[in-house]
Amino acid sequence: MASETTQRREWTVTGMDCAACTTKVVRAVERMPGVSEVRVALMAERLTLDLMPDSTSPEAIEGVVRKLGFGIAPKGQQAPRKKAFVLPGAVPTVPASDEQAASDPAAREHAAALPDKSWHQTAKGRLVILTGTLLALAWTVELLTSSEVGYWAFVAACLIGVVPIAKRAFEALRMGQPFTIEGLMTIAAGGALLIGAAEEAALVVFLFAVGEVLEGVAAGKARQGIRALANLVPKTALLEEAGQTRTVSADSLEIGQAVLVRPGDRIPADGEIIEGTSGVDESPVTGESVPRSRGVGDAVFAGSINTEAVLRLRVTREPSDNTIARIIRLVEEAEEARAPTERFIDRFSRIYMPAIMALSALVIVVPPLAFGQDWTTWIYRGLALLLIGCPCALVISVPASIASALSAGARRGLLMKGGAVIEAAAGVTHVVFDKTGTLTQGTPIVTDLVTAPGVDEAELLSVAAGVEAGSSHPLALAILRRTKEAAVSVPDPRDARALPGRGAEAIVDGAPAWVTSPTHAAEIGGIDASTLVEVAALESAGKTVVAVFRSGRPLGVIAMRDEPRSDAAAAIGQLSAMGLGSTMLTGDNPRTAAAIAKGLRLDFRASMMPEDKLTAIRAMNRDGRVMMIGDGINDAPALKEAHVGIAMGSGTDVALETADGAILRDRVTDAPALIRLSRATMGNIRQNVTLALGLKAVFLVTTVFGVTGLWIAILADTGATVLVTLNALRLLAFDPTRES
Ligand SMILES: Nc1ncnc2c1ncn2[C@@H]1O[C@H](COP(=O)(O)OP(=O)(O)OP(=O)(O)O)[C@@H](O)[C@H]1O
Ligand SMILES: [Zn+2]
């Protein structure tokens, strides 16, 4: 566990193409003194760990990672550095067009340390060029001279090509990791030379290098999905200061500053509109591409597009803390919450490589010794088998799918905190919805005022508004809105108090007053029989009724209607077509709940106190796996209790932190969409695991029987890794809103 004295450090690590690479980094760094909680995110290219001061230096950690053949640079300003870092052999480039990189020293250093290089500029790319050239040279030599000279040319090509690979294998070995793909390669190439298969040995080294580059390209593609999000925030902003407008880097904006956004431009920061009204396309954040009209006082997100008119806004969030930055961070961190399937595959691949090595030893030794077979043949087959022992394709099969799914989801406003959540969401059997704000719009409107004899509507509203003045409950807001419309003044309450699940109370104009549900009205003063009949009628029409009291005397009732969201019924229909049951949980009374549930065609449980919702979820969890969908504000405990808790709506500030996932659009149909995406992801993972294991199994057999040889074995491994990654990328294009 991290103690208080340890310091959290973060680096960007480049060149990791598969989970075998991440294991290498983790194992090597883990052994260093004072290092704990080491985590490597493959797709986010991030290394995090806790470091005891005065133990290992960050530079020593960087040295170790670099020795393993990866690029590393501290992330952001979290890890201050004294000397600038340059990748060995890399050409540091500062993109001239990138104002932000040029102006911000930390960003510039970062850009210089880890430039976006094309494949031939990387260490792995150079290995391809080197081994390829050597191979071509050797072939030429063989063609022009005798096969005798050619043979030695291939030996030379293989030996020179294998040196960098053997170096990496040796470094890993020194750090306590005997089983690495580089180690397998080195043994296989060396062994092939020993039995005189020089040409093939050189070819294998070359193909290995090509495979590494291809894997890198595929992994990079998967990463782009997430990067694309970050690129949606413009680099520059039009800052207004002292009556002047000037262009500044968007990264330098501070809370409280005023910026101007022209039509057609992207909004540079999370902010609040202080002047202007315009359509704002919030698709980068919510996935909703129909522009919404936004005016003074409305919040807007960085990355959204201003479609119509000039807007002036006040920055409300630091650039590093804006909504889209938090979404990106969440998606990146989500990688660490690994799915059970992923953990299983990891454990499997850890025994897989040694097991294949043992098998390969048997294949080499047993047939010649026990059955007097030819040594060269079986050594050759044993070496080829070694190459089958690379677990790359298998190990990347799960994280590649999950990374694609996470970014596919994020682009549509469907956020999930990692593979564990995806796997859980794919397996839910039942969906539970909160009513207010989830299935309904959450903004009830007062429809009926029923006054007691001798009380007028203004008095009823005034007392009710007094009690609710400080409340943010949707019903309270409805009453306050209506009071304002009726131009009734709101008295100043004292001792205002919420009665969760029941109502609210306060001292209004010196007298104790209450607003409560009719069910709890009896506790205060009761409602007369004729009013109760009226209440029942209103409730049966799907309206929520509250009773208003002063000094224990009923003043009347207020009925409100909260319309179901327009797509709620469709969402329930989709879920049921997917074989999932839906239930609505509500604190509202059974009659109102029944009226709403009937229209939406789902089960319901009414009159639930907040703790009842928790118990209900717990009970349902026992019979199946429940996904709970709520607004994340007052139902956070229920969201936590469910198998999967999803917060809905743009009130996601809290939700992003507490729930397992979030739906950023106010769309109920995104609930089935999220489940569809999760199911598709698990399907994709199954395809990948089958593909990886299947190919291994096939080539294991053909290798043992001598049908295929060394270079096919390495080609099969690379091919499988690339196929698996490409298959995972298909998820980027998956449309979870489409019913199938
Ligand atoms: N501030 C309030 N003003 C008036 N009535 C209230 C208030 N708070 C609670 N109530 C009463 O208690 C009932 C249950 O409230 P609760 O907050 O548990 O449910 P809700 O959030 O309105 O509905 P849901 O459970 O569907 O989200 C309401 O229907 C209402 O009758
Ligand atoms: Zn690898």
# chains A, B, ... in the order shown; residues from 1 in each chain; ligands from 1
call {"tool": "residues_around", "arguments": {"residues": "Leu639 (chain A)", "least_positions_apart": "6", "cutoff": "9 Å", "atoms": "only C-alpha atoms", "output": "MDAnalysis selection string"}}
result
chainID A and resid 614 617 627:630 632 645:647 658:660
call {"tool": "residues_near_ligand", "arguments": {"ligand": "ligand 2", "cutoff": "10 Å", "atoms": "only C-alpha atoms and all ligand atoms", "output": "mmCIF file with C-alpha atoms, in the first residue's frame"}}
result
data_model
loop_
_atom_site.group_PDB
_atom_site.id
_atom_site.type_symbol
_atom_site.label_atom_id
_atom_site.label_comp_id
_atom_site.auth_asym_id
_atom_site.auth_seq_id
_atom_site.Cartn_x
_atom_site.Cartn_y
_atom_site.Cartn_z
ATOM 1 C CA GLY A 15 7.233 1.732 -27.859
ATOM 2 C CA MET A 16 5.056 -0.724 -25.947
ATOM 3 C CA ASP A 17 3.049 -2.676 -28.499
ATOM 4 C CA CYS A 18 1.686 -5.542 -26.516
ATOM 5 C CA ALA A 19 1.002 -6.534 -22.982
ATOM 6 C CA ALA A 20 4.196 -8.599 -22.906
ATOM 7 C CA CYS A 21 6.009 -5.301 -23.214
ATOM 8 C CA THR A 22 4.079 -3.810 -20.282
ATOM 9 C CA THR A 23 4.829 -6.850 -18.141
ATOM 10 C CA LYS A 24 8.487 -6.340 -18.889
ATOM 11 C CA THR A 180 10.723 -12.849 -23.117
ATOM 12 C CA ILE A 181 9.902 -12.922 -26.801
ATOM 13 C CA GLU A 182 13.369 -11.478 -27.433
ATOM 14 C CA GLY A 211 6.121 -7.804 -36.901
ATOM 15 C CA GLU A 212 7.173 -5.504 -34.095
ATOM 16 C CA VAL A 213 6.658 -2.470 -36.299
ATOM 17 C CA GLU A 215 2.161 -4.301 -33.933
ATOM 18 C CA GLY A 216 3.241 -0.785 -33.085
ATOM 19 C CA CYS A 390 5.190 -15.852 -28.090
ATOM 20 C CA PRO A 391 1.982 -14.881 -26.307
ATOM 21 C CA CYS A 392 1.732 -11.426 -27.930
ATOM 22 C CA ALA A 393 -1.494 -11.926 -29.860
ATOM 23 C CA VAL A 395 -2.080 -10.930 -24.433
ATOM 24 C CA ILE A 396 -3.152 -7.963 -26.543
ATOM 25 C CA THR A 718 2.877 -11.415 -35.981
ATOM 26 C CA THR A 721 -1.249 -9.984 -33.328
#
call {"tool": "residues_around", "arguments": {"residues": "region 250-264 of chain A", "least_positions_apart": "5", "cutoff": "7 Å", "atoms": "only C-alpha atoms", "output": "PyMOL selection string"}}
result
chain A and resi 234-240+305-319
call {"tool": "residues_around", "arguments": {"residues": "Ser401 (chain A)", "least_positions_apart": "5", "cutoff": "9 Å", "atoms": "only C-alpha atoms", "output": "PyMOL selection string"}}
result
chain A and resi 222+396+406+681-682+684-685+688+724-725+727-731
call {"tool": "write_last_selection", "arguments": {"atoms": "N, CA and C atoms", "output": "mmCIF file, in the first residue's frame"}}
result
data_model
loop_
_atom_site.group_PDB
_atom_site.id
_atom_site.type_symbol
_atom_site.label_atom_id
_atom_site.label_comp_id
_atom_site.auth_asym_id
_atom_site.auth_seq_id
_atom_site.Cartn_x
_atom_site.Cartn_y
_atom_site.Cartn_z
ATOM 1 N N ALA A 222 -5.226 2.188 -32.363
ATOM 2 C CA ALA A 222 -6.174 2.060 -31.266
ATOM 3 C C ALA A 222 -6.093 3.263 -30.332
ATOM 4 N N ILE A 396 -2.597 -9.254 -26.118
ATOM 5 C CA ILE A 396 -3.152 -7.963 -26.543
ATOM 6 C C ILE A 396 -4.636 -8.091 -26.889
ATOM 7 N N LEU A 406 -13.790 1.634 -25.264
ATOM 8 C CA LEU A 406 -13.828 2.817 -24.409
ATOM 9 C C LEU A 406 -13.842 4.086 -25.236
ATOM 10 N N THR A 681 -18.394 -5.726 -27.307
ATOM 11 C CA THR A 681 -16.990 -5.779 -26.896
ATOM 12 C C THR A 681 -16.621 -7.163 -26.395
ATOM 13 N N MET A 682 -17.482 -7.737 -25.581
ATOM 14 C CA MET A 682 -17.185 -9.079 -25.081
ATOM 15 C C MET A 682 -17.167 -10.083 -26.234
ATOM 16 N N ASN A 684 -16.314 -9.355 -29.293
ATOM 17 C CA ASN A 684 -15.056 -9.066 -29.978
ATOM 18 C C ASN A 684 -13.884 -9.721 -29.242
ATOM 19 N N ILE A 685 -13.923 -9.673 -27.934
ATOM 20 C CA ILE A 685 -12.856 -10.288 -27.136
ATOM 21 C C ILE A 685 -12.855 -11.799 -27.356
ATOM 22 N N ASN A 688 -11.294 -12.549 -30.567
ATOM 23 C CA ASN A 688 -9.851 -12.356 -30.500
ATOM 24 C C ASN A 688 -9.142 -13.504 -29.805
ATOM 25 N N VAL A 724 -5.687 -9.587 -34.587
ATOM 26 C CA VAL A 724 -6.420 -9.361 -33.348
ATOM 27 C C VAL A 724 -6.617 -7.861 -33.118
ATOM 28 N N THR A 725 -5.574 -7.077 -33.371
ATOM 29 C CA THR A 725 -5.684 -5.636 -33.173
ATOM 30 C C THR A 725 -6.650 -5.030 -34.180
ATOM 31 N N ASN A 727 -9.111 -6.488 -35.637
ATOM 32 C CA ASN A 727 -10.465 -6.892 -35.255
ATOM 33 C C ASN A 727 -10.976 -6.002 -34.128
ATOM 34 N N ALA A 728 -10.108 -5.701 -33.177
ATOM 35 C CA ALA A 728 -10.502 -4.828 -32.068
ATOM 36 C C ALA A 728 -10.861 -3.441 -32.576
ATOM 37 N N LEU A 729 -10.154 -2.977 -33.605
ATOM 38 C CA LEU A 729 -10.412 -1.641 -34.142
ATOM 39 C C LEU A 729 -11.798 -1.539 -34.770
ATOM 40 N N ARG A 730 -12.355 -2.678 -35.170
ATOM 41 C CA ARG A 730 -13.702 -2.650 -35.747
ATOM 42 C C ARG A 730 -14.702 -2.047 -34.766
ATOM 43 N N LEU A 731 -14.402 -2.208 -33.468
ATOM 44 C CA LEU A 731 -15.308 -1.671 -32.460
ATOM 45 C C LEU A 731 -15.410 -0.149 -32.524
#
call {"tool": "select_by_dssp", "arguments": {"residues": "region 306-358 of chain A", "states": "alpha helix (DSSP H)", "output": "JSON, numbers by chain"}}
result
{"A": [323, 324, 325, 326, 327, 328, 329, 330, 331, 332, 333, 334, 340, 341, 342, 343, 344, 345, 346, 347, 348, 349, 350, 351, 352, 353, 354, 355, 356, 357, 358]}
call {"tool": "write_last_selection", "arguments": {"atoms": "N, CA and C atoms", "output": "short mmCIF file (atom, residue, chain, number, x, y, z; two decimals), in the first residue's frame"}}
result
data_model
loop_
_atom_site.label_atom_id
_atom_site.label_comp_id
_atom_site.auth_asym_id
_atom_site.auth_seq_id
_atom_site.Cartn_x
_atom_site.Cartn_y
_atom_site.Cartn_z
N THR A 323 -14.14 19.47 -18.69
CA THR A 323 -14.87 18.22 -18.79
C THR A 323 -14.20 17.24 -19.74
N ILE A 324 -13.77 17.73 -20.90
CA ILE A 324 -13.21 16.80 -21.88
C ILE A 324 -11.89 16.23 -21.38
N ALA A 325 -11.09 17.04 -20.67
CA ALA A 325 -9.83 16.53 -20.11
C ALA A 325 -10.13 15.44 -19.10
N ARG A 326 -11.20 15.66 -18.32
CA ARG A 326 -11.55 14.65 -17.32
C ARG A 326 -12.07 13.37 -17.96
N ILE A 327 -12.79 13.52 -19.08
CA ILE A 327 -13.26 12.33 -19.79
C ILE A 327 -12.06 11.54 -20.32
N ILE A 328 -11.11 12.26 -20.90
CA ILE A 328 -9.93 11.59 -21.45
C ILE A 328 -9.17 10.88 -20.33
N ARG A 329 -9.01 11.56 -19.21
CA ARG A 329 -8.30 10.94 -18.09
C ARG A 329 -9.04 9.70 -17.62
N LEU A 330 -10.37 9.82 -17.57
CA LEU A 330 -11.16 8.69 -17.12
C LEU A 330 -10.99 7.49 -18.04
N VAL A 331 -11.02 7.77 -19.36
CA VAL A 331 -10.88 6.69 -20.32
C VAL A 331 -9.48 6.06 -20.20
N GLU A 332 -8.48 6.91 -20.01
CA GLU A 332 -7.13 6.38 -19.89
C GLU A 332 -6.96 5.55 -18.62
N GLU A 333 -7.51 6.08 -17.53
CA GLU A 333 -7.38 5.36 -16.27
C GLU A 333 -8.21 4.09 -16.28
N ALA A 334 -9.29 4.13 -17.08
CA ALA A 334 -10.19 2.99 -17.13
C ALA A 334 -9.45 1.72 -17.52
N PRO A 340 -12.13 -9.28 -15.64
CA PRO A 340 -11.74 -10.62 -15.17
C PRO A 340 -11.15 -11.47 -16.29
N THR A 341 -11.75 -11.37 -17.49
CA THR A 341 -11.23 -12.13 -18.62
C THR A 341 -9.78 -11.76 -18.88
N GLU A 342 -9.50 -10.47 -18.78
CA GLU A 342 -8.16 -10.00 -19.05
C GLU A 342 -7.17 -10.57 -18.04
N ARG A 343 -7.57 -10.58 -16.78
CA ARG A 343 -6.68 -11.12 -15.75
C ARG A 343 -6.41 -12.59 -15.99
N PHE A 344 -7.47 -13.28 -16.45
CA PHE A 344 -7.31 -14.71 -16.72
C PHE A 344 -6.30 -14.93 -17.85
N ILE A 345 -6.48 -14.17 -18.93
CA ILE A 345 -5.58 -14.31 -20.08
C ILE A 345 -4.14 -14.02 -19.66
N ASP A 346 -3.98 -13.01 -18.82
CA ASP A 346 -2.63 -12.67 -18.37
C ASP A 346 -2.00 -13.82 -17.60
N ARG A 347 -2.80 -14.41 -16.71
CA ARG A 347 -2.26 -15.52 -15.93
C ARG A 347 -1.93 -16.69 -16.86
N PHE A 348 -2.83 -16.91 -17.82
CA PHE A 348 -2.62 -18.01 -18.75
C PHE A 348 -1.34 -17.81 -19.55
N SER A 349 -1.16 -16.57 -20.05
CA SER A 349 0.00 -16.37 -20.92
C SER A 349 1.31 -16.44 -20.13
N ARG A 350 1.20 -16.21 -18.82
CA ARG A 350 2.41 -16.29 -18.02
C ARG A 350 2.91 -17.73 -17.93
N ILE A 351 1.98 -18.70 -17.93
CA ILE A 351 2.45 -20.09 -17.91
C ILE A 351 2.63 -20.63 -19.33
N TYR A 352 1.98 -19.92 -20.28
CA TYR A 352 2.01 -20.41 -21.66
C TYR A 352 3.43 -20.46 -22.23
N MET A 353 4.15 -19.35 -22.03
CA MET A 353 5.48 -19.27 -22.64
C MET A 353 6.44 -20.33 -22.08
N PRO A 354 6.56 -20.45 -20.76
CA PRO A 354 7.43 -21.52 -20.24
C PRO A 354 6.96 -22.92 -20.66
N ALA A 355 5.64 -23.09 -20.74
CA ALA A 355 5.12 -24.41 -21.12
C ALA A 355 5.55 -24.77 -22.53
N ILE A 356 5.45 -23.79 -23.45
CA ILE A 356 5.86 -24.05 -24.83
C ILE A 356 7.37 -24.31 -24.90
N MET A 357 8.12 -23.60 -24.06
CA MET A 357 9.57 -23.83 -24.05
C MET A 357 9.87 -25.26 -23.61
N ALA A 358 9.14 -25.72 -22.60
CA ALA A 358 9.36 -27.09 -22.13
C ALA A 358 8.99 -28.09 -23.23
#
call {"tool": "residues_near_ligand", "arguments": {"ligand": "ligand 1", "cutoff": "7 Å", "atoms": "only C-alpha atoms and all ligand atoms", "output": "PyMOL selection string"}}
result
chain A and resi 434-437+468+471+473-476+498-504+515-518+544-546+585-589+607-610
call {"tool": "write_last_selection", "arguments": {"atoms": "C-alpha atoms", "output": "PDB file, in the first residue's frame"}}
result
ATOM      1  CA  ASP A 434     -34.645   5.918 -10.966  1.00  0.00           C
ATOM      2  CA  LYS A 435     -37.774   7.831 -11.923  1.00  0.00           C
ATOM      3  CA  THR A 436     -37.247  11.550 -11.489  1.00  0.00           C
ATOM      4  CA  GLY A 437     -34.657  12.979 -13.840  1.00  0.00           C
ATOM      5  CA  GLU A 468     -39.105  25.076  -0.312  1.00  0.00           C
ATOM      6  CA  SER A 471     -34.424  23.253  -1.482  1.00  0.00           C
ATOM      7  CA  HIS A 473     -35.576  19.052  -4.950  1.00  0.00           C
ATOM      8  CA  PRO A 474     -37.250  18.958  -8.384  1.00  0.00           C
ATOM      9  CA  LEU A 475     -40.679  19.373  -6.779  1.00  0.00           C
ATOM     10  CA  ALA A 476     -39.436  22.354  -4.772  1.00  0.00           C
ATOM     11  CA  ALA A 498     -35.559  18.475   4.242  1.00  0.00           C
ATOM     12  CA  LEU A 499     -37.472  15.381   5.289  1.00  0.00           C
ATOM     13  CA  PRO A 500     -35.885  12.921   2.854  1.00  0.00           C
ATOM     14  CA  GLY A 501     -38.432  10.825   0.993  1.00  0.00           C
ATOM     15  CA  ARG A 502     -41.321  12.702   2.605  1.00  0.00           C
ATOM     16  CA  GLY A 503     -41.125  16.437   2.154  1.00  0.00           C
ATOM     17  CA  ALA A 504     -39.751  19.560   3.809  1.00  0.00           C
ATOM     18  CA  VAL A 515     -44.915  20.457   2.364  1.00  0.00           C
ATOM     19  CA  THR A 516     -45.262  16.669   2.345  1.00  0.00           C
ATOM     20  CA  SER A 517     -46.475  13.741   0.344  1.00  0.00           C
ATOM     21  CA  PRO A 518     -50.154  12.919   1.054  1.00  0.00           C
ATOM     22  CA  THR A 544     -47.343  14.004  -8.116  1.00  0.00           C
ATOM     23  CA  VAL A 545     -49.283  15.691  -5.353  1.00  0.00           C
ATOM     24  CA  VAL A 546     -47.968  17.409  -2.224  1.00  0.00           C
ATOM     25  CA  LEU A 585     -37.857   2.755  -8.448  1.00  0.00           C
ATOM     26  CA  THR A 586     -39.482   5.864  -7.056  1.00  0.00           C
ATOM     27  CA  GLY A 587     -40.191   7.711  -3.862  1.00  0.00           C
ATOM     28  CA  ASP A 588     -43.397   8.849  -5.442  1.00  0.00           C
ATOM     29  CA  ASN A 589     -46.737   7.284  -4.497  1.00  0.00           C
ATOM     30  CA  SER A 607     -43.168   4.926  -2.000  1.00  0.00           C
ATOM     31  CA  MET A 608     -39.552   4.008  -1.568  1.00  0.00           C
ATOM     32  CA  MET A 609     -37.464   5.837   0.961  1.00  0.00           C
ATOM     33  CA  PRO A 610     -33.837   6.314  -0.130  1.00  0.00           C
TER      34      PRO A 610
END
call {"tool": "closest_residue", "arguments": {"among": "A:Ala370, A:Leu461, A:Ile596, A:Ala384", "to": "Leu439 (chain A)", "atoms": "only C-alpha atoms"}}
result
A:Ile596
call {"tool": "residues_around", "arguments": {"residues": "region 666-680 of chain A", "least_positions_apart": "3", "cutoff": "9 Å", "atoms": "only C-alpha atoms", "output": "tab-separated table (two decimals) with C-alpha atoms, in the first residue's frame"}}
result
chain	number	residue	atom	x	y	z
A	286	THR	CA	-22.02	14.36	-25.03
A	405	ALA	CA	-14.68	0.13	-26.93
A	408	ALA	CA	-15.96	4.34	-29.25
A	409	GLY	CA	-18.18	4.89	-26.22
A	413	GLY	CA	-21.14	10.14	-24.54
A	414	LEU	CA	-21.05	6.63	-23.09
A	415	LEU	CA	-18.40	6.44	-20.43
A	416	MET	CA	-17.33	3.25	-18.73
A	421	VAL	CA	-17.37	-2.42	-16.06
A	422	ILE	CA	-17.71	-3.47	-19.70
A	423	GLU	CA	-17.68	-7.10	-18.76
A	424	ALA	CA	-20.19	-6.53	-15.96
A	425	ALA	CA	-22.47	-4.44	-18.19
A	426	ALA	CA	-22.45	-7.12	-20.88
A	427	GLY	CA	-23.74	-9.61	-18.33
A	428	VAL	CA	-26.55	-7.67	-16.66
A	431	VAL	CA	-32.07	-2.74	-15.49
A	437	GLY	CA	-34.66	12.98	-13.84
A	438	THR	CA	-33.90	9.62	-15.39
A	439	LEU	CA	-37.07	8.24	-16.92
A	441	GLN	CA	-37.35	15.00	-17.55
A	565	ARG	CA	-38.54	11.60	-21.52
A	566	SER	CA	-39.62	11.25	-25.12
A	567	ASP	CA	-37.43	8.19	-25.69
A	568	ALA	CA	-38.10	6.43	-22.37
A	569	ALA	CA	-40.73	4.04	-23.76
A	570	ALA	CA	-38.49	3.22	-26.72
A	571	ALA	CA	-35.60	2.48	-24.38
A	572	ILE	CA	-37.66	0.07	-22.26
A	574	GLN	CA	-35.27	-2.03	-26.69
A	575	LEU	CA	-34.16	-3.48	-23.38
A	578	MET	CA	-32.60	-7.59	-25.67
A	629	ILE	CA	-29.40	4.03	-13.83
A	646	ILE	CA	-24.58	4.25	-14.42
A	648	MET	CA	-27.22	9.77	-16.49
A	649	GLY	CA	-27.28	13.35	-17.63
A	650	SER	CA	-24.99	16.29	-17.74
A	663	ILE	CA	-24.38	8.50	-19.98
A	683	GLY	CA	-18.05	-10.74	-28.39
A	684	ASN	CA	-15.06	-9.07	-29.98
A	685	ILE	CA	-12.86	-10.29	-27.14
A	731	LEU	CA	-15.31	-1.67	-32.46
A	734	PHE	CA	-19.57	0.02	-33.94
A	735	ASP	CA	-22.80	1.99	-33.63
A	736	PRO	CA	-24.34	1.04	-30.29
A	737	THR	CA	-27.50	3.03	-30.94
A	738	ARG	CA	-28.50	0.77	-33.81
A	739	GLU	CA	-30.89	-1.98	-32.89
call {"tool": "atom_distance", "arguments": {"atom1": "CA of Ser360 (chain A)", "atom2": "CA of Gly709 (chain A)"}}
result
13.4 Å
call {"tool": "select_by_dssp", "arguments": {"residues": "region 491-594 of chain A", "states": "strand (DSSP E or B)", "output": "ChimeraX atom specification"}}
result
/A:493-499,503-508,511-516,544-550,553-561,564,581-585
call {"tool": "write_last_selection", "arguments": {"atoms": "C-alpha atoms", "output": "mmCIF file, in the first residue's frame"}}
result
data_model
loop_
_atom_site.group_PDB
_atom_site.id
_atom_site.type_symbol
_atom_site.label_atom_id
_atom_site.label_comp_id
_atom_site.auth_asym_id
_atom_site.auth_seq_id
_atom_site.Cartn_x
_atom_site.Cartn_y
_atom_site.Cartn_z
ATOM 1 C CA PRO A 493 -38.106 30.882 6.106
ATOM 2 C CA ARG A 494 -36.263 29.901 9.284
ATOM 3 C CA ASP A 495 -34.996 26.448 10.288
ATOM 4 C CA ALA A 496 -35.720 24.993 6.845
ATOM 5 C CA ARG A 497 -35.165 21.239 6.813
ATOM 6 C CA ALA A 498 -35.559 18.475 4.242
ATOM 7 C CA LEU A 499 -37.472 15.381 5.289
ATOM 8 C CA GLY A 503 -41.125 16.437 2.154
ATOM 9 C CA ALA A 504 -39.751 19.560 3.809
ATOM 10 C CA GLU A 505 -40.486 21.784 6.786
ATOM 11 C CA ALA A 506 -39.647 25.312 7.946
ATOM 12 C CA ILE A 507 -40.856 28.180 10.080
ATOM 13 C CA VAL A 508 -42.651 30.518 7.650
ATOM 14 C CA ALA A 511 -45.552 29.610 12.055
ATOM 15 C CA PRO A 512 -44.369 26.008 11.490
ATOM 16 C CA ALA A 513 -45.147 24.900 7.945
ATOM 17 C CA TRP A 514 -44.819 21.697 5.923
ATOM 18 C CA VAL A 515 -44.915 20.457 2.364
ATOM 19 C CA THR A 516 -45.262 16.669 2.345
ATOM 20 C CA THR A 544 -47.343 14.004 -8.116
ATOM 21 C CA VAL A 545 -49.283 15.691 -5.353
ATOM 22 C CA VAL A 546 -47.968 17.409 -2.224
ATOM 23 C CA ALA A 547 -49.976 18.726 0.703
ATOM 24 C CA VAL A 548 -49.226 22.092 2.316
ATOM 25 C CA PHE A 549 -49.724 22.735 6.056
ATOM 26 C CA ARG A 550 -49.373 25.686 8.398
ATOM 27 C CA ARG A 553 -53.829 23.075 9.391
ATOM 28 C CA PRO A 554 -54.087 21.908 5.749
ATOM 29 C CA LEU A 555 -53.963 24.799 3.257
ATOM 30 C CA GLY A 556 -54.465 22.655 0.169
ATOM 31 C CA VAL A 557 -52.577 20.478 -2.282
ATOM 32 C CA ILE A 558 -50.352 21.152 -5.268
ATOM 33 C CA ALA A 559 -50.215 18.734 -8.211
ATOM 34 C CA MET A 560 -47.230 18.573 -10.526
ATOM 35 C CA ARG A 561 -46.494 16.652 -13.641
ATOM 36 C CA PRO A 564 -41.488 11.029 -19.175
ATOM 37 C CA GLY A 581 -36.307 -6.699 -17.615
ATOM 38 C CA SER A 582 -36.747 -3.105 -16.447
ATOM 39 C CA THR A 583 -37.974 -1.750 -13.145
ATOM 40 C CA MET A 584 -38.638 1.803 -12.028
ATOM 41 C CA LEU A 585 -37.857 2.755 -8.448
#
call {"tool": "atom_distance", "arguments": {"atom1": "CA of Ser289 (chain A)", "atom2": "CA of Ser320 (chain A)"}}
result
24.0 Å
call {"tool": "decode", "arguments": {"residues": "region 550-560 of chain A", "atoms": "N, CA and C atoms", "output": "PDB file, in the first residue's frame"}}
result
ATOM      1  N   ARG A 550     -49.949  24.674   7.520  1.00  0.00           N
ATOM      2  CA  ARG A 550     -49.373  25.686   8.398  1.00  0.00           C
ATOM      3  C   ARG A 550     -49.970  25.491   9.773  1.00  0.00           C
ATOM      4  N   SER A 551     -49.113  25.420  10.770  1.00  0.00           N
ATOM      5  CA  SER A 551     -49.525  25.191  12.157  1.00  0.00           C
ATOM      6  C   SER A 551     -50.456  23.984  12.244  1.00  0.00           C
ATOM      7  N   GLY A 552     -50.170  22.951  11.489  1.00  0.00           N
ATOM      8  CA  GLY A 552     -50.960  21.722  11.543  1.00  0.00           C
ATOM      9  C   GLY A 552     -52.261  21.795  10.764  1.00  0.00           C
ATOM     10  N   ARG A 553     -52.586  22.941  10.152  1.00  0.00           N
ATOM     11  CA  ARG A 553     -53.829  23.075   9.391  1.00  0.00           C
ATOM     12  C   ARG A 553     -53.553  22.938   7.893  1.00  0.00           C
ATOM     13  N   PRO A 554     -54.322  22.071   7.183  1.00  0.00           N
ATOM     14  CA  PRO A 554     -54.087  21.908   5.749  1.00  0.00           C
ATOM     15  C   PRO A 554     -54.520  23.155   4.974  1.00  0.00           C
ATOM     16  N   LEU A 555     -53.628  23.638   4.074  1.00  0.00           N
ATOM     17  CA  LEU A 555     -53.963  24.799   3.257  1.00  0.00           C
ATOM     18  C   LEU A 555     -54.388  24.384   1.852  1.00  0.00           C
ATOM     19  N   GLY A 556     -54.088  23.125   1.493  1.00  0.00           N
ATOM     20  CA  GLY A 556     -54.465  22.655   0.169  1.00  0.00           C
ATOM     21  C   GLY A 556     -53.389  21.734  -0.390  1.00  0.00           C
ATOM     22  N   VAL A 557     -53.570  21.344  -1.648  1.00  0.00           N
ATOM     23  CA  VAL A 557     -52.577  20.478  -2.282  1.00  0.00           C
ATOM     24  C   VAL A 557     -52.120  21.076  -3.613  1.00  0.00           C
ATOM     25  N   ILE A 558     -50.913  20.699  -3.991  1.00  0.00           N
ATOM     26  CA  ILE A 558     -50.352  21.152  -5.268  1.00  0.00           C
ATOM     27  C   ILE A 558     -50.024  19.913  -6.094  1.00  0.00           C
ATOM     28  N   ALA A 559     -50.509  19.877  -7.335  1.00  0.00           N
ATOM     29  CA  ALA A 559     -50.215  18.734  -8.211  1.00  0.00           C
ATOM     30  C   ALA A 559     -49.205  19.167  -9.265  1.00  0.00           C
ATOM     31  N   MET A 560     -48.270  18.272  -9.530  1.00  0.00           N
ATOM     32  CA  MET A 560     -47.230  18.573 -10.526  1.00  0.00           C
ATOM     33  C   MET A 560     -47.080  17.408 -11.481  1.00  0.00           C
TER      34      MET A 560
END
